[in-house]
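Student: So here's data-v4.txt, just compact mmCIF, C-alpha atoms:
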```txt
# COMPACT_ATOMS: atom_id res chain seq x y z
CA MET T 1 7.77 -28.84 19.54
CA ASN T 2 6.87 -31.56 17.04
CA TYR T 3 3.10 -31.86 17.41
CA ASN T 4 3.04 -34.89 15.12
CA GLU T 5 4.44 -36.89 18.05
CA LEU T 6 1.11 -36.41 19.88
CA SER T 7 -0.66 -39.00 17.71
CA GLY T 8 -2.42 -41.55 19.94
CA LYS T 9 -2.03 -39.36 23.04
CA SER T 10 -4.19 -37.00 25.16
CA ILE T 11 -4.01 -33.26 25.60
CA LEU T 12 -5.58 -30.77 28.00
CA LEU T 13 -6.86 -27.36 26.87
CA LEU T 14 -7.30 -24.70 29.54
CA GLY T 15 -9.49 -21.85 28.35
CA LYS T 16 -11.02 -21.39 24.90
CA THR T 17 -9.85 -21.69 21.33
CA ARG T 18 -9.23 -18.60 19.21
CA ALA T 19 -8.81 -19.22 15.49
CA LEU T 20 -10.97 -22.37 15.45
CA ASN T 21 -14.26 -22.99 17.18
CA MET T 22 -14.23 -25.91 19.60
CA GLU T 23 -15.99 -28.25 17.21
CA GLU T 24 -13.46 -27.62 14.42
CA PHE T 25 -10.62 -27.86 16.95
CA ASP T 26 -11.76 -31.31 18.12
CA THR T 27 -12.41 -32.52 14.57
CA LEU T 28 -8.87 -31.66 13.49
CA LEU T 29 -7.44 -33.27 16.63
CA LYS T 30 -9.23 -36.51 15.71
CA LEU T 31 -7.63 -36.43 12.26
CA HIS T 32 -4.30 -36.66 14.06
CA LYS T 33 -5.65 -39.32 16.48
CA ILE T 34 -5.32 -36.95 19.42
CA GLU T 35 -7.86 -36.92 22.25
CA ARG T 36 -8.76 -33.78 24.16
CA ILE T 37 -9.75 -34.43 27.78
CA ASP T 38 -11.33 -32.08 30.33
CA SER T 39 -9.06 -32.55 33.34
CA TYR T 40 -5.46 -33.44 33.98
CA ASN T 41 -4.28 -37.01 34.51
CA ASP T 42 -1.02 -38.86 34.10
CA GLU T 43 -1.87 -39.71 30.47
CA VAL T 44 -1.79 -36.05 29.36
CA ALA T 45 1.11 -35.45 26.97
CA LEU T 46 0.58 -31.71 26.40
CA ILE T 47 -1.15 -28.83 28.18
CA ILE T 48 -2.38 -25.90 26.09
CA GLU T 49 -3.08 -22.45 27.52
CA GLY T 50 -6.00 -21.02 25.59
CA ARG T 51 -7.69 -17.65 25.76
CA MET T 52 -10.14 -16.39 28.39
CA MET T 53 -9.13 -18.83 31.13
CA ASN T 54 -11.48 -18.65 34.11
CA PRO T 55 -10.08 -18.37 37.67
CA TYR T 56 -10.21 -22.15 38.16
CA GLU T 57 -8.27 -22.74 34.92
CA GLN T 58 -5.71 -20.09 35.84
CA ALA T 59 -5.16 -21.75 39.20
CA GLU T 60 -4.89 -25.17 37.52
CA SER T 61 -2.36 -23.76 35.04
CA ALA T 62 -0.23 -22.41 37.89
CA ARG T 63 -0.39 -25.79 39.67
CA LEU T 64 0.61 -27.69 36.55
CA TYR T 65 3.49 -25.29 35.93
CA GLU T 66 4.84 -26.16 39.35
CA MET T 67 4.44 -29.89 38.72
CA GLN T 68 6.39 -29.68 35.43
CA SER T 69 4.96 -33.05 34.49
CA CYS T 70 4.55 -32.29 30.76
CA PRO T 71 5.06 -29.41 28.30
CA ILE T 72 2.77 -26.37 28.52
CA VAL T 73 2.36 -24.36 25.32
CA GLU T 74 0.43 -21.36 24.06
CA LEU T 75 -2.62 -21.99 21.89
CA SER T 76 -1.56 -20.23 18.66
CA GLY T 77 1.14 -22.70 17.68
CA VAL T 78 -1.21 -25.67 18.07
CA GLU T 79 -4.01 -24.00 16.08
CA GLU T 80 -1.62 -23.06 13.31
CA TRP T 81 -0.41 -26.68 13.11
CA LEU T 82 -3.95 -28.04 13.06
CA CYS T 83 -5.03 -25.61 10.34
CA ARG T 84 -2.36 -26.97 8.02
CA SER T 85 -4.25 -30.27 8.02
CA ILE T 86 -7.49 -28.72 6.71
CA GLU T 87 -8.44 -30.28 3.38
CA PRO T 88 -9.62 -27.27 1.32
CA ASN T 89 -11.85 -29.14 -1.12
CA ARG T 90 -13.61 -31.06 1.63
CA LEU T 91 -14.15 -27.88 3.65
CA LEU T 92 -15.46 -25.95 0.64
CA MET T 93 -17.88 -28.73 -0.27
CA SER T 94 -19.10 -28.98 3.32
CA LEU T 95 -19.76 -25.25 3.51
CA LYS T 96 -21.52 -25.18 0.13
CA LEU T 97 -23.83 -28.00 1.15
CA SER T 98 -24.55 -26.78 4.66
CA ARG T 99 -24.72 -23.07 3.77
CA ASN T 100 -23.55 -22.48 7.31
CA GLN T 101 -22.59 -18.80 7.18
CA GLU T 102 -21.59 -18.66 10.83
CA ARG T 103 -19.07 -21.44 10.33
CA LEU T 104 -17.87 -19.77 7.13
CA VAL T 105 -17.27 -16.48 8.94
CA ASP T 106 -15.27 -18.33 11.61
CA PHE T 107 -12.92 -19.62 8.93
CA LEU T 108 -12.67 -16.22 7.25
CA GLN T 109 -11.45 -14.83 10.57
CA ASN T 110 -8.89 -17.63 10.95
CA PRO T 111 -5.39 -16.21 10.36
CA TYR T 112 -3.83 -19.65 9.81
CA ILE T 113 -5.63 -20.78 6.67
CA THR T 114 -3.84 -20.11 3.38
CA ASP T 115 -4.63 -17.04 1.29
CA GLU T 116 -5.72 -19.35 -1.52
CA LEU T 117 -8.33 -20.98 0.72
CA PHE T 118 -9.34 -17.60 2.14
CA PHE T 119 -10.18 -16.22 -1.32
CA LYS T 120 -12.20 -19.33 -2.19
CA LEU T 121 -14.14 -19.08 1.08
CA LEU T 122 -14.79 -15.39 0.49
CA LYS T 123 -16.71 -16.21 -2.68
CA LEU T 124 -19.16 -18.29 -0.61
CA TYR T 125 -20.13 -15.48 1.73
CA ASP T 126 -23.66 -14.05 1.36
CA TRP T 127 -23.65 -10.27 1.80
CA GLN T 128 -27.47 -10.29 2.05
CA ASN T 129 -27.79 -7.44 -0.46
CA GLU T 130 -26.25 -5.07 2.08
CA GLY T 131 -23.06 -3.02 2.18
CA LEU T 132 -19.63 -3.95 3.49
CA PHE T 133 -20.33 -2.40 6.89
CA ASP T 134 -24.14 -2.41 6.96
CA ASN T 135 -24.51 -5.21 9.51
CA ASP T 136 -22.32 -6.80 12.15
CA THR T 137 -21.46 -9.91 10.15
CA ASN T 138 -20.63 -8.01 6.97
CA ARG T 139 -18.47 -5.70 9.04
CA ASP T 140 -16.63 -8.70 10.56
CA VAL T 141 -15.96 -10.20 7.15
CA THR T 142 -14.73 -6.89 5.74
CA ALA T 143 -12.52 -6.47 8.80
CA SER T 144 -11.10 -9.96 8.23
CA ILE T 145 -10.08 -9.00 4.68
CA ILE T 146 -8.30 -5.85 5.83
CA GLY T 147 -6.82 -7.51 8.90
CA ARG T 148 -5.35 -10.42 6.96
CA PHE T 149 -3.42 -8.33 4.44
CA TYR T 150 -2.70 -5.04 6.24
CA ALA T 151 0.90 -5.51 7.37
CA ASP T 152 1.15 -2.97 10.22
CA LEU T 153 -2.32 -3.46 11.64
CA ASP T 154 -1.14 -3.24 15.25
CA ARG T 155 -0.24 0.41 14.71
CA ASN T 156 -3.54 1.30 13.04
CA HIS T 157 -6.13 -1.31 14.07
CA ASN T 158 -9.16 0.97 13.47
CA VAL T 159 -8.40 0.78 9.76
CA GLN T 160 -10.29 -2.54 9.73
CA TYR T 161 -13.61 -0.84 10.31
CA ALA T 162 -13.58 1.97 7.75
CA MET T 163 -14.13 2.11 3.99
CA SER T 164 -10.99 4.24 3.78
CA GLY T 165 -9.13 1.32 5.35
CA LEU T 166 -10.05 -0.93 2.45
CA ALA T 167 -8.93 1.75 -0.03
CA HIS T 168 -5.64 2.15 1.83
CA LEU T 169 -5.18 -1.62 1.87
CA ILE T 170 -5.41 -1.71 -1.93
CA GLU T 171 -3.10 1.29 -2.35
CA ARG T 172 -0.43 0.00 -0.01
CA TYR T 173 -0.63 -3.80 -0.09
CA GLY T 174 -2.68 -4.58 -3.19
CA ASN T 175 -1.75 -7.23 -5.74
CA ALA T 176 -3.69 -8.67 -8.68
CA GLU T 177 -5.23 -11.49 -6.64
CA LEU T 178 -6.34 -9.29 -3.74
CA ILE T 179 -7.69 -6.55 -6.03
CA GLU T 180 -9.69 -9.04 -8.07
CA ALA T 181 -11.09 -10.63 -4.90
CA VAL T 182 -12.17 -7.23 -3.54
CA SER T 183 -13.76 -6.28 -6.86
CA GLN T 184 -15.85 -9.48 -6.74
CA LEU T 185 -17.33 -8.76 -3.31
CA ALA T 186 -21.05 -8.42 -4.02
CA PRO T 187 -21.43 -4.83 -2.73
CA ILE T 188 -18.44 -3.63 -4.78
CA ALA T 189 -19.30 -5.67 -7.88
CA HIS T 190 -22.77 -4.09 -7.80
CA GLU T 191 -21.28 -0.61 -7.41
CA ILE T 192 -18.97 -1.15 -10.38
CA LYS T 193 -21.95 -2.03 -12.59
CA ASN T 194 -24.41 0.48 -11.12
CA PRO T 195 -22.57 3.32 -9.37
CA THR T 196 -24.89 4.94 -6.84
CA ASP T 197 -23.10 4.91 -3.47
CA ARG T 198 -20.35 7.53 -3.17
CA SER T 199 -18.90 5.84 -0.07
CA TYR T 200 -17.25 3.29 -2.38
CA ASN T 201 -15.47 5.93 -4.47
CA GLY T 202 -12.19 5.69 -2.57
CA VAL T 203 -12.03 1.92 -2.99
CA LEU T 204 -12.86 2.06 -6.70
CA ASP T 205 -10.38 4.91 -7.25
CA ALA T 206 -7.66 2.84 -5.57
CA ILE T 207 -8.48 -0.12 -7.81
CA ALA T 208 -8.42 2.09 -10.91
CA LEU T 209 -4.98 3.52 -10.09
CA HIS T 210 -3.20 0.41 -8.85
CA PRO T 211 -0.57 -0.86 -11.32
CA ASP T 212 -1.51 -4.51 -10.69
CA THR T 213 -5.23 -4.18 -11.43
CA PRO T 214 -6.13 -6.65 -14.21
CA GLU T 215 -7.04 -5.05 -17.54
CA SER T 216 -10.38 -6.88 -17.60
CA LEU T 217 -11.35 -5.01 -14.43
CA LEU T 218 -10.09 -1.68 -15.76
CA ARG T 219 -12.45 -2.05 -18.70
CA LEU T 220 -15.36 -2.15 -16.27
CA LEU T 221 -14.14 1.08 -14.66
CA ILE T 222 -13.29 3.08 -17.77
CA LYS T 223 -16.69 4.75 -18.19
CA GLU T 224 -16.75 6.33 -14.71
CA ARG T 225 -13.01 6.69 -14.11
CA SER T 226 -11.41 7.49 -17.45
CA GLU T 227 -9.45 10.46 -16.02
CA LEU T 228 -7.96 8.32 -13.27
CA LEU T 229 -7.04 5.62 -15.76
CA ALA T 230 -5.26 8.24 -17.86
CA HIS T 231 -2.99 8.89 -14.84
CA ARG T 232 -2.11 5.21 -14.34
CA VAL T 233 1.50 4.07 -14.51
CA PRO T 234 1.88 1.78 -16.33
CA LEU T 235 -0.79 3.08 -18.69
CA SER T 236 -3.45 0.57 -19.74
CA LEU T 237 -6.25 0.81 -22.30
CA GLU T 238 -4.24 3.52 -24.06
CA GLU T 239 -6.00 3.12 -27.41
CA GLU T 240 -9.44 3.61 -25.83
CA LEU T 241 -8.31 6.58 -23.74
CA LEU T 242 -6.71 8.34 -26.71
CA LYS T 243 -10.14 8.48 -28.36
CA VAL T 244 -11.32 10.88 -25.63
CA GLU T 245 -9.99 14.36 -26.47
CA LYS T 246 -10.38 15.77 -22.95
CA LEU T 247 -7.92 13.14 -21.72
CA HIS T 248 -5.11 14.21 -24.07
CA PRO T 249 -3.51 16.70 -21.62
CA ILE T 250 -3.43 14.02 -18.91
CA LEU T 251 -2.07 11.34 -21.24
CA ALA T 252 0.63 13.69 -22.50
CA GLN T 253 1.98 13.88 -18.94
CA ASN T 254 1.98 10.13 -18.41
CA GLU T 255 5.54 8.83 -18.42
CA SER T 256 4.40 5.41 -19.67
CA LEU T 257 2.67 6.76 -22.78
CA SER T 258 3.74 4.71 -25.79
CA ARG T 259 5.71 6.22 -28.66
CA ARG T 260 2.71 5.78 -30.94
CA GLY T 261 0.53 7.57 -28.39
CA ALA T 262 3.02 10.41 -28.14
CA GLN T 263 3.13 10.80 -31.90
CA LEU T 264 -0.66 11.09 -31.98
CA LEU T 265 -0.56 13.82 -29.32
CA ALA T 266 2.48 15.73 -30.61
CA ASP T 267 0.41 18.31 -32.47
CA THR T 268 -2.35 18.83 -29.89
CA ALA T 269 -0.38 18.49 -26.64
CA GLY T 270 3.19 19.16 -27.69
CA GLU T 271 4.05 21.54 -24.85
CA LEU T 272 3.06 19.00 -22.21
CA LEU T 273 4.88 16.19 -24.02
CA ALA T 274 8.03 18.29 -24.12
CA LYS T 275 7.94 18.53 -20.32
CA HIS T 276 7.07 14.92 -19.54
CA ILE T 277 7.97 12.50 -22.33
CA VAL T 278 10.86 10.09 -21.86
CA LEU T 279 13.31 11.74 -24.23
CA ASP T 280 15.43 10.25 -26.96
CA GLU T 281 17.50 12.14 -29.51
CA GLY T 282 14.63 12.40 -31.97
CA TRP T 283 12.13 13.80 -29.50
CA PHE T 284 14.74 16.21 -28.11
CA GLU T 285 15.55 17.65 -31.50
CA ARG T 286 11.88 18.01 -32.37
CA PHE T 287 10.93 19.85 -29.17
CA ALA T 288 14.13 21.91 -28.85
CA ALA T 289 13.09 23.82 -31.94
CA VAL T 290 9.56 24.66 -30.79
CA TYR T 291 9.22 24.15 -27.02
CA PRO T 292 12.66 24.82 -25.46
CA LEU T 293 11.21 26.30 -22.25
CA GLN T 294 9.07 23.25 -21.57
CA LEU T 295 11.89 20.92 -22.59
CA ALA T 296 14.23 22.49 -20.03
CA SER T 297 12.12 21.09 -17.17
CA ASN T 298 11.96 17.53 -18.54
CA PRO T 299 13.37 15.13 -15.91
CA THR T 300 14.84 12.76 -18.53
CA LEU T 301 17.31 15.22 -20.10
CA ASN T 302 20.74 13.62 -20.36
CA GLU T 303 23.98 15.54 -20.01
CA THR T 304 24.41 16.04 -23.75
CA MET T 305 20.90 17.48 -24.04
CA GLN T 306 21.55 19.76 -21.06
CA GLU T 307 24.68 21.09 -22.73
CA VAL T 308 22.77 21.87 -25.93
CA LEU T 309 20.24 23.92 -23.94
CA ILE T 310 22.98 25.76 -22.08
CA GLN T 311 24.79 26.57 -25.31
CA SER T 312 21.56 28.03 -26.75
CA ASN T 313 22.38 31.16 -24.72
CA ASN T 314 18.70 31.58 -23.92
CA ASP T 315 18.73 32.76 -20.30
CA GLU T 316 15.07 31.91 -19.80
CA VAL T 317 15.68 28.33 -20.90
CA VAL T 318 18.82 27.96 -18.81
CA ASN T 319 17.09 29.44 -15.77
CA ILE T 320 14.46 26.70 -15.95
CA LEU T 321 17.15 24.06 -16.54
CA ALA T 322 18.99 25.25 -13.43
CA SER T 323 16.10 24.09 -11.21
CA ASN T 324 15.71 20.73 -12.99
CA SER T 325 16.59 17.85 -10.67
CA ALA T 326 18.08 15.98 -13.65
CA LEU T 327 20.85 18.59 -13.95
CA SER T 328 24.22 16.83 -13.80
CA ALA T 329 26.81 17.70 -11.15
CA SER T 330 29.19 19.19 -13.71
CA ARG T 331 26.43 21.39 -15.16
CA CYS T 332 25.42 22.47 -11.65
CA THR T 333 28.97 23.60 -11.00
CA TYR T 334 29.20 25.35 -14.36
CA LEU T 335 25.98 27.32 -13.85
CA HIS T 336 26.89 28.14 -10.25
CA THR T 337 30.23 29.50 -11.39
CA SER T 338 28.49 31.78 -13.87
CA GLY T 339 26.64 33.40 -10.96
CA ARG T 340 23.59 34.22 -13.08
CA PHE T 341 21.13 31.48 -12.08
CA SER T 342 21.56 31.26 -8.32
CA ALA T 343 17.87 31.45 -7.35
CA SER T 344 16.93 28.61 -9.68
CA LEU T 345 19.89 26.51 -8.59
CA ALA T 346 18.96 27.08 -4.95
CA ALA T 347 15.60 25.41 -5.63
CA ASN T 348 17.21 22.36 -7.27
CA PRO T 349 16.94 19.31 -4.94
CA SER T 350 19.83 17.52 -6.70
CA LEU T 351 22.35 20.27 -6.00
CA PRO T 352 25.48 19.14 -4.05
CA ASP T 353 25.68 20.24 -0.40
CA THR T 354 28.82 22.27 -1.09
CA ILE T 355 27.00 24.48 -3.59
CA LEU T 356 23.92 24.77 -1.37
CA GLU T 357 26.12 25.93 1.50
CA GLU T 358 27.87 28.44 -0.74
CA LEU T 359 24.52 29.79 -1.91
CA SER T 360 23.47 30.27 1.73
CA GLN T 361 26.03 33.05 1.96
CA SER T 362 24.06 35.07 -0.59
CA ASN T 363 22.28 38.29 0.35
CA ASP T 364 19.64 37.76 -2.33
CA PRO T 365 16.23 37.02 -0.69
CA SER T 366 15.11 34.99 -3.71
CA VAL T 367 18.12 32.68 -3.31
CA LEU T 368 17.65 32.29 0.44
CA GLY T 369 13.91 31.73 0.04
CA ALA T 370 14.55 28.96 -2.47
CA LEU T 371 17.04 27.34 -0.10
CA ALA T 372 14.51 27.48 2.76
CA SER T 373 12.06 25.39 0.71
CA ASN T 374 14.59 23.01 -0.85
CA PRO T 375 14.35 19.56 0.82
CA SER T 376 18.06 18.96 0.07
CA THR T 377 19.30 22.03 1.92
CA PRO T 378 21.55 20.94 4.83
CA ILE T 379 19.92 21.07 8.28
CA ASP T 380 22.48 23.55 9.61
CA VAL T 381 21.59 25.96 6.80
CA LEU T 382 17.87 25.50 7.46
CA TYR T 383 18.39 26.30 11.15
CA GLN T 384 20.19 29.47 10.16
CA LEU T 385 17.44 30.47 7.74
CA SER T 386 14.72 29.76 10.32
CA LEU T 387 16.04 32.64 12.41
CA ASP T 388 15.03 35.08 9.67
CA GLN T 389 11.31 35.88 9.80
CA ARG T 390 11.19 36.12 6.01
CA PHE T 391 12.02 32.43 5.66
CA GLU T 392 10.76 30.95 8.92
CA ARG T 393 7.50 29.61 7.46
CA SER T 394 9.25 28.05 4.46
CA VAL T 395 11.71 26.27 6.73
CA LYS T 396 8.94 24.96 9.01
CA THR T 397 7.05 23.52 6.03
CA ASN T 398 10.21 22.00 4.53
CA PRO T 399 9.69 18.19 4.81
CA THR T 400 13.36 17.57 5.57
CA PHE T 401 13.31 20.00 8.48
CA GLY T 402 10.04 18.55 9.78
CA LYS T 403 11.45 15.03 9.69
CA HIS T 404 14.57 16.18 11.52
CA ILE T 405 12.48 17.80 14.26
CA GLN T 406 10.39 14.64 14.71
CA THR T 407 13.38 12.30 14.64
CA HIS T 408 15.21 14.26 17.31
CA ASN T 409 12.12 15.00 19.42
CA ILE T 410 12.77 18.70 19.26
CA GLY T 411 9.90 20.93 20.33
CA TRP T 412 9.01 23.51 17.70
CA SER T 413 6.19 25.97 17.89
```
Mind turning this structure into structure tokens?

Tutor:
Amino acid sequence: MNYNELSGKSILLLGKTRALNMEEFDTLLKLHKIERIDSYNDEVALIIEGRMMNPYEQAESARLYEMQSCPIVELSGVEEWLCRSIEPNRLLMSLKLSRNQERLVDFLQNPYITDELFFKLLKLYDWQNEGLFDNDTNRDVTASIIGRFYADLDRNHNVQYAMSGLAHLIERYGNAELIEAVSQLAPIAHEIKNPTDRSYNGVLDAIALHPDTPESLLRLLIKERSELLAHRVPLSLEEELLKVEKLHPILAQNESLSRRGAQLLADTAGELLAKHIVLDEGWFERFAAVYPLQLASNPTLNETMQEVLIQSNNDEVVNILASNSALSASRCTYLHTSGRFSASLAANPSLPDTILEELSQSNDPSVLGALASNPSTPIDVLYQLSLDQRFERSVKTNPTFGKHIQTHNIGWS
């Protein structure tokens, strides 16, 4: 329905408003030159069913439905339309001058205002030097933040009322704007500067690890959370982190470590770099000579590099390579044909189904055990392995088998 056509006409609201309080509702109606009246007459152009209708209003609604004299609509669509006519600057100025926190909280709980306006309103809220959940109003405001941005709230509504819910919100739905807004909430801003309350750790950890967290905020966290920052992908503040020797093993495993950073760590953390660095020809040649075992598990080995390791005739190296998920299909087939690396191949999640099924015919317990734990092992093979007590536990803890059981509603004790 085109609500703009209601200008100059009357409407009837049965029940109460939801997103707007009645005063705001009426004020916005007047902006559109719409009059709200208390009882039905022939001048009414629209009837709105609100929330919490009393018995009289429910009976009146039923009577008006039978009359079919004018459209009857649900409240949400009307409130959403009215909220689009809010003038942000005027509202912000009004709230600053009045310091009406109750009215401010009403707007923070309004799902129809824009995110831009929501963040501006959030800066006006007075947390009264208390925590996010320390009083009812603070709890409601915190819940409004989580509720607005948590996409599947209907399936996990209690998340609004827990500190872990705010951490999960950042982890799952965070972006630079939301993260910055959360970091500026008075209780969290205070905790960043003067860490004393461990209940905020999960939220601050989530901020530290999120890839969209602004660098300016990361700098405030580096003193207390340098180890977490060393795990970040993409890596930020690399130069500062490299100055801390205890962080070198963590940085060496970070796939987003710069080439300059890797060169600085090559002598002190070479073994870890060999396993985790994004390889090019130069790095491969350097590490193949000194750390071939570690290099064999690197997930960025290309087919040419794999062939060089195979041709080294070092069974220990090739055995590790056989379980590397980066192993190409042709190299998988070649190693399988050799028959010497079956247990390692059986653990490789990138192995083709045909080879996995062939390996299931083995009598070697180490091969069958590896297949039982491999998430790529075909379901039929896992069922077969589950009948053997030696491998039953491995099959039951295999995520692919667990997902299959849940998807098909199969009871499993």

Student: Residues within 12 Å of Ser342 (chain T), please, as a PDB file with C-alpha atoms, keeping the file's coordinate frame. Count all atoms listed in the file; anything in the same chain fewer than 2 positions from it doesn't count.

Tutor:
```
ATOM      1  CA  VAL T 318      18.820  27.960 -18.810  1.00  0.00           C
ATOM      2  CA  ASN T 319      17.090  29.440 -15.770  1.00  0.00           C
ATOM      3  CA  ILE T 320      14.460  26.700 -15.950  1.00  0.00           C
ATOM      4  CA  LEU T 321      17.150  24.060 -16.540  1.00  0.00           C
ATOM      5  CA  ALA T 322      18.990  25.250 -13.430  1.00  0.00           C
ATOM      6  CA  SER T 323      16.100  24.090 -11.210  1.00  0.00           C
ATOM      7  CA  CYS T 332      25.420  22.470 -11.650  1.00  0.00           C
ATOM      8  CA  THR T 333      28.970  23.600 -11.000  1.00  0.00           C
ATOM      9  CA  TYR T 334      29.200  25.350 -14.360  1.00  0.00           C
ATOM     10  CA  LEU T 335      25.980  27.320 -13.850  1.00  0.00           C
ATOM     11  CA  HIS T 336      26.890  28.140 -10.250  1.00  0.00           C
ATOM     12  CA  THR T 337      30.230  29.500 -11.390  1.00  0.00           C
ATOM     13  CA  SER T 338      28.490  31.780 -13.870  1.00  0.00           C
ATOM     14  CA  GLY T 339      26.640  33.400 -10.960  1.00  0.00           C
ATOM     15  CA  ARG T 340      23.590  34.220 -13.080  1.00  0.00           C
ATOM     16  CA  SER T 344      16.930  28.610  -9.680  1.00  0.00           C
ATOM     17  CA  LEU T 345      19.890  26.510  -8.590  1.00  0.00           C
ATOM     18  CA  ALA T 346      18.960  27.080  -4.950  1.00  0.00           C
ATOM     19  CA  ALA T 347      15.600  25.410  -5.630  1.00  0.00           C
ATOM     20  CA  ASN T 348      17.210  22.360  -7.270  1.00  0.00           C
ATOM     21  CA  LEU T 351      22.350  20.270  -6.000  1.00  0.00           C
ATOM     22  CA  ILE T 355      27.000  24.480  -3.590  1.00  0.00           C
ATOM     23  CA  LEU T 356      23.920  24.770  -1.370  1.00  0.00           C
ATOM     24  CA  GLU T 358      27.870  28.440  -0.740  1.00  0.00           C
ATOM     25  CA  LEU T 359      24.520  29.790  -1.910  1.00  0.00           C
ATOM     26  CA  SER T 360      23.470  30.270   1.730  1.00  0.00           C
ATOM     27  CA  GLN T 361      26.030  33.050   1.960  1.00  0.00           C
ATOM     28  CA  SER T 362      24.060  35.070  -0.590  1.00  0.00           C
ATOM     29  CA  ASN T 363      22.280  38.290   0.350  1.00  0.00           C
ATOM     30  CA  ASP T 364      19.640  37.760  -2.330  1.00  0.00           C
ATOM     31  CA  PRO T 365      16.230  37.020  -0.690  1.00  0.00           C
ATOM     32  CA  SER T 366      15.110  34.990  -3.710  1.00  0.00           C
ATOM     33  CA  VAL T 367      18.120  32.680  -3.310  1.00  0.00           C
ATOM     34  CA  LEU T 368      17.650  32.290   0.440  1.00  0.00           C
ATOM     35  CA  GLY T 369      13.910  31.730   0.040  1.00  0.00           C
ATOM     36  CA  ALA T 370      14.550  28.960  -2.470  1.00  0.00           C
ATOM     37  CA  LEU T 371      17.040  27.340  -0.100  1.00  0.00           C
TER      38      LEU T 371
END
```

Student: Find the residues around region 263-266 of chain T up to 9 Å (only C-alpha atoms counted), leave out those fewer than 5 positions away in its own chain, and share them as an MDAnalysis selection string.

Tutor: chainID T and resid 242 248:249 251:252 258 271 273:274

Student: May I ask which of the residues T:Leu301, T:Leu178, T:Arg260, T:Pro375 is the closest one to Leu279 (chain T), counting only C-alpha atoms?

Tutor: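 When distances to Leu279 (chain T) are compared using only C-alpha atoms, the smallest one comes from T:Leu301.
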
Student: Interatomic distance between CA of Ser373 (chain T) and CA of Arg390 (chain T)?

Tutor: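 Between CA of Ser373 (chain T) and CA of Arg390 (chain T) the gap works out to 12.0 Å.
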
Student: Write out as a VMD selection string the residues lying within 12 Å of region 65-80 of chain T, counting all atoms listed in the file and excluding same-chain residues fewer than 4 positions away.

Tutor: chain T and resid 1 to 4 6 10 to 22 24 to 26 28 to 29 40 to 53 58 to 61 84 to 86 110 to 114

Student: Taking C-alpha atoms for each residue, export the selection above as a compact mmCIF listing (two decimals), keeping the file's coordinate frame.

Tutor:
```txt
# COMPACT_ATOMS: atom_id res chain seq x y z
CA MET T 1 7.77 -28.84 19.54
CA ASN T 2 6.87 -31.56 17.04
CA TYR T 3 3.10 -31.86 17.41
CA ASN T 4 3.04 -34.89 15.12
CA LEU T 6 1.11 -36.41 19.88
CA SER T 10 -4.19 -37.00 25.16
CA ILE T 11 -4.01 -33.26 25.60
CA LEU T 12 -5.58 -30.77 28.00
CA LEU T 13 -6.86 -27.36 26.87
CA LEU T 14 -7.30 -24.70 29.54
CA GLY T 15 -9.49 -21.85 28.35
CA LYS T 16 -11.02 -21.39 24.90
CA THR T 17 -9.85 -21.69 21.33
CA ARG T 18 -9.23 -18.60 19.21
CA ALA T 19 -8.81 -19.22 15.49
CA LEU T 20 -10.97 -22.37 15.45
CA ASN T 21 -14.26 -22.99 17.18
CA MET T 22 -14.23 -25.91 19.60
CA GLU T 24 -13.46 -27.62 14.42
CA PHE T 25 -10.62 -27.86 16.95
CA ASP T 26 -11.76 -31.31 18.12
CA LEU T 28 -8.87 -31.66 13.49
CA LEU T 29 -7.44 -33.27 16.63
CA TYR T 40 -5.46 -33.44 33.98
CA ASN T 41 -4.28 -37.01 34.51
CA ASP T 42 -1.02 -38.86 34.10
CA GLU T 43 -1.87 -39.71 30.47
CA VAL T 44 -1.79 -36.05 29.36
CA ALA T 45 1.11 -35.45 26.97
CA LEU T 46 0.58 -31.71 26.40
CA ILE T 47 -1.15 -28.83 28.18
CA ILE T 48 -2.38 -25.90 26.09
CA GLU T 49 -3.08 -22.45 27.52
CA GLY T 50 -6.00 -21.02 25.59
CA ARG T 51 -7.69 -17.65 25.76
CA MET T 52 -10.14 -16.39 28.39
CA MET T 53 -9.13 -18.83 31.13
CA GLN T 58 -5.71 -20.09 35.84
CA ALA T 59 -5.16 -21.75 39.20
CA GLU T 60 -4.89 -25.17 37.52
CA SER T 61 -2.36 -23.76 35.04
CA ARG T 84 -2.36 -26.97 8.02
CA SER T 85 -4.25 -30.27 8.02
CA ILE T 86 -7.49 -28.72 6.71
CA ASN T 110 -8.89 -17.63 10.95
CA PRO T 111 -5.39 -16.21 10.36
CA TYR T 112 -3.83 -19.65 9.81
CA ILE T 113 -5.63 -20.78 6.67
CA THR T 114 -3.84 -20.11 3.38
```

Student: Determine, counting only C-alpha atoms, which protein, DNA and RNA residues have an atom within 7 Å of an atom of Val141 (chain T); residues of the same chain fewer than 4 positions away are not included. Present the result as a list in words.

Tutor: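 Returned residues: Val105, Leu108, Thr137 and Ile145 of chain T.
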
Student: CA of Ala326 (chain T) to CA of Asp212 (chain T): how many Å, to one decimal?

Tutor: 28.5 Å

Student: Go ahead and compute the interatomic distance for CA of Ser325 (chain T) and CA of Pro299 (chain T), in Å to one decimal.

Tutor: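 Taking CA of Ser325 (chain T) and CA of Pro299 (chain T), their separation equals 6.7 Å.
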
Student: For each of T:Thr142, T:Asn175, T:Asn313, T:Thr196, take the minimum atom-to-atom distance to Pro211 (chain T), counting only C-alpha atoms, then give the residue where this is smallest.

Tutor: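 When distances to Pro211 (chain T) are compared using only C-alpha atoms, the smallest one comes from T:Asn175.
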
Student: As AutoDock Vina command-line options, please report the centre and edge lengths, rounded to one decimal in Å, of the axis-aligned box that holds all listed atoms of region 369-380 of chain T with 8 Å of padding on each of the six sides.

Tutor:
```
--center_x 17.3 --center_y 25.3 --center_z 3.6 --size_x 26.4 --size_y 28.8 --size_z 28.1
```
